[in-house]
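Colleague: This structure is in structure tokens; I'll ask about it shortly.
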Amino acid sequence: MAIIYDDKTKTFHLQTNNTSYVVQIVKDKYLSHIYWGRRLNKYHKSREIIWKDRGFAPNPYLDDRTFSLDTLPQEYPQNGNGDYRSCAYGIRDYKGKRISNITFKNYEIIKGKPEIPNLPSSFGDENDVMTLKIHMEDEILNFHVYLVYSVFDKRNVITRSVIFENKSENNITLTKMLSMSVDIREDDFDVLTLYGAHNNERNMDRRPLTSGTVQIESIRGTSSPHQAPFMALMRKGANEDYGDIFACNFVYSGNFVATAQVDPYRNIRFQMGMNPLNGEWLLECGQKFYTPEVVMVYSGDGLNGMSQTFHNFYQNNLIRSKFAFKPRPILINNWEATFFDFNEEKLLKLADKAKEAGIELFVLDDGWFGHRDNDDSSLGDWFEDKRKLPKGLKDLSEKIHEKGMEFGLWFEPEMISEDSELYKNHPEYVLHTEGRPYTYGRGQLVLDLSKEEVCDYVIESISNVLNNAKIDYLKWDMNRHLTDVSNLELGEERQGEVFHRYVLGLYRIMDTLTKKFPDILFESCSSGGGRFDPGILYYMPQTWTSDNTDAVCRMKIQYATSLTYPPICMGAHVSVVPNQQTGRITPLNTRGYVAMSANLGYELNLTECTDEEFEEIKEQIKLYKEIRNIIQFGKFYRIKNPFEGNLAQWNFVSNDGNDVIAFYFEILSQPASPVKIMKLKGLEKDALYQDIKSGEIYGGDELMYSGISIPLKKQDFRSEYYHFKKI
């Protein structure tokens, strides 16, 4: 069994193939965290809690000064009863009091995994997953909390979420509702987070955990490019291939918070969930509130082990789309080739060249709708601009299909322009605070998705376009964050709900459209990778990783993104040089190899390429088609970290183990440079592998432990490609 309750020790033991998670009922009422780490065959109470009288630690029992909630390693801590550390939930009752005390009531073990209503979440059948539901109750308030743990034993993943239920006769307001809290009674850890900005997403930040709190968050209404909803505790000395990693990723696309708090006795409280800032929820009698879930991964094999687990889990148990295991098409996007200045003739000329190169999908980006000649107008008016497309999208899409390619289209469904028909007819659709001026972002406003009628409009208007043209791919963009967040229709007591209601509205739209059009490949985007999170991934199996297509920047962006997301989920394009974002000039082969390390696409004007460049692009596309299944469905291993030096290296191993693809990148050429060695990962040490290019044969142990000597070259931004086949 994946979940075992031992009545003698009062412990719940959650087991996967490689990990264990142990929770204990203390004094028949308090829920305490005992252990999370490598798999234990059985827990015999070796890790008992040591009770000690600590100064300034309050005691709930007059006759026991050693017991205090302030020192108890808790599983879901409350506020106001003597634990001065960060609480996992908070309430305000009908009298304004904020004290709550939940204690153990009972538990239930379920085969399979219940869905979380109206939220994206992982899935699995009775053979994949078991679920533990622990019932906690505040008897004074008649307020109930259900801690939900789903154990995917074969995937080595545990997910957590929480259900709040008000059974009292009075309203209760939730002021904090985290999805996960773990108290770890050890102190030798660093914390790893991913920070960034537009065009600079997901930089790796590893720092020691000392006293106090490390906190990352978003209050922008989305998961944001500034902080990813990911946090990992890394044992001192842990690296890509060795050491303990405790990682959490939030399946949510709105405001979030993640913290690692070190208490005075060097214990760590690790938490993640919805951000309580500007976030409340009113529970009336009989109502429930469901939190989004957190995916929890322990790895004893460093960051690569952690990533393998996330990749495998998301591919099999989170991505709902039928495209999860379908090869993704090589695309060309017209944006950097034409920007807003295009007509049908220009587009078809570009499509002809794309077809000649071997590209499979033509994507028409921004500017096809309303009267949009710049980014100041027409958002929300999802009908063709007849000046640019006089015969309409249907005719254009059919012509693209006649050329043997698929056709894709760009939308920004969550936005509205003041200069639009939609705004003239429905100014009340704008997310705003009544009586105050608008706050603009990129010259545009946000639709209020907390309103059902607005969501209905978005669903209907986009459905009309998708029904009336031959569309195979949809790029879903979001180019600004939320401001002026309020919805007076909800009443004054529910204004703290608007941020979350926006996300619920977004999920309703995505759920409806992706189910209604299952044969369309949806790709998410938010000015690049500004909303790259597991919540969106549930509906849309790939994300545009960054608007920054510079090959050197992309080495870092894609390297760090791969910590949690498999390469098949990352859009990566070859673009023009000098690069539009950095001005850097990098070789075409390096741009190609970086983009081939994910979902390959092109974002340049093929009609302006030289004959030599075009032939090289054709060869890139031919090569990618040969190795696509290895890249998109194989195992990915990071070798050299570009955040730590001048090199980036990684390799892929096919699922059957027969093929190995390796990429080597050297950013700047250096005088008197030593010979570089690349040591591959994930091979069979006793097997033999043949280098496809040279014909040379090597042992798997040789390629992993001795490594490959990389020839010296006097060249900046150089790259090398290797393909080994097991013989």
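Chain lettering (A, B, ...) mirrors the order of the structure tokens, residue numbering begins at 1 for each chain separately, and ligand numbering begins at 1 in order of display.
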Would you list, as a PyMOL selection string, the residues of stretch 188-240 of chain A that end up in strand (DSSP E or B) under DSSP run on this structure's backbone?
Modeller: chain A and resi 189-197+200-208+212-218+227+230-235
Colleague: Leaving out A:Leu688 and any residue of its chain fewer than 5 positions from it, which residues lie within 9 Å of it when counting only C-alpha atoms, given as a list in words?
Modeller: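 Listing them by chain and then by number gives Ile697, Tyr698, Gly699, Gly700, Asp701, Lys725, Lys726 and Ile727 of chain A.
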Colleague: Mind dumping a table of every stretch 493-574 of chain A residue within 12 Å of stretch 205-221 of chain A, with the nearest atom pair and its distance in Å to one decimal, using only C-alpha atoms, sorted by chain and rising number, as CSV?
Modeller:
residue,atom,partner,partner_atom,distance
A:Glu497,CA,A:Gly221,CA,11.7
A:Val498,CA,A:Gly221,CA,9.7
A:Phe499,CA,A:Gly221,CA,6.1
A:His500,CA,A:Gly221,CA,8.2
A:Arg501,CA,A:Gly221,CA,10.4
A:Tyr502,CA,A:Gly221,CA,8.1
A:Val503,CA,A:Gly221,CA,7.9
A:Leu504,CA,A:Gly221,CA,11.6
A:Leu506,CA,A:Gly221,CA,11.3
A:Gly530,CA,A:Arg220,CA,10.8
A:Arg531,CA,A:Gly221,CA,10.2
A:Ala560,CA,A:Asp205,CA,10.1
Colleague: Would you pick out the contacts of A:Gln581 at 10 Å or less, using only C-alpha atoms, so that residues sharing its chain but fewer than 5 positions from it are not included, and give the list as a list in words?
Modeller: Asn199, Asp547, Asn548, Thr549, Asp550 and Cys553 of chain A
Colleague: Hey, can you spit out that residue selection with C-alpha atoms as a PDB file, in the first residue's frame?
Modeller:
ATOM      1  CA  ASN A 199      13.246  38.785 -21.394  1.00  0.00           C
ATOM      2  CA  ASP A 547      10.471  36.649 -25.780  1.00  0.00           C
ATOM      3  CA  ASN A 548      14.263  36.702 -25.603  1.00  0.00           C
ATOM      4  CA  THR A 549      15.480  34.512 -28.472  1.00  0.00           C
ATOM      5  CA  ASP A 550      19.172  35.355 -28.093  1.00  0.00           C
ATOM      6  CA  CYS A 553      20.441  34.151 -22.952  1.00  0.00           C
TER       7      CYS A 553
END
Colleague: Compare A:Leu347, A:Ile710, A:Ile677, A:Ile102 by their minimum atom-to-atom distance to A:Leu31, counting only C-alpha atoms, and give me the closest one.
Modeller: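 Among A:Leu347, A:Ile710, A:Ile677, A:Ile102, it is A:Ile102 that comes nearest to A:Leu31.
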Colleague: Would you compute the distance between atom CA of A:Trp51 and atom CA of A:Asp70? Give it in Å to one decimal.
Modeller: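 Distance between the two atoms: 11.6 Å.
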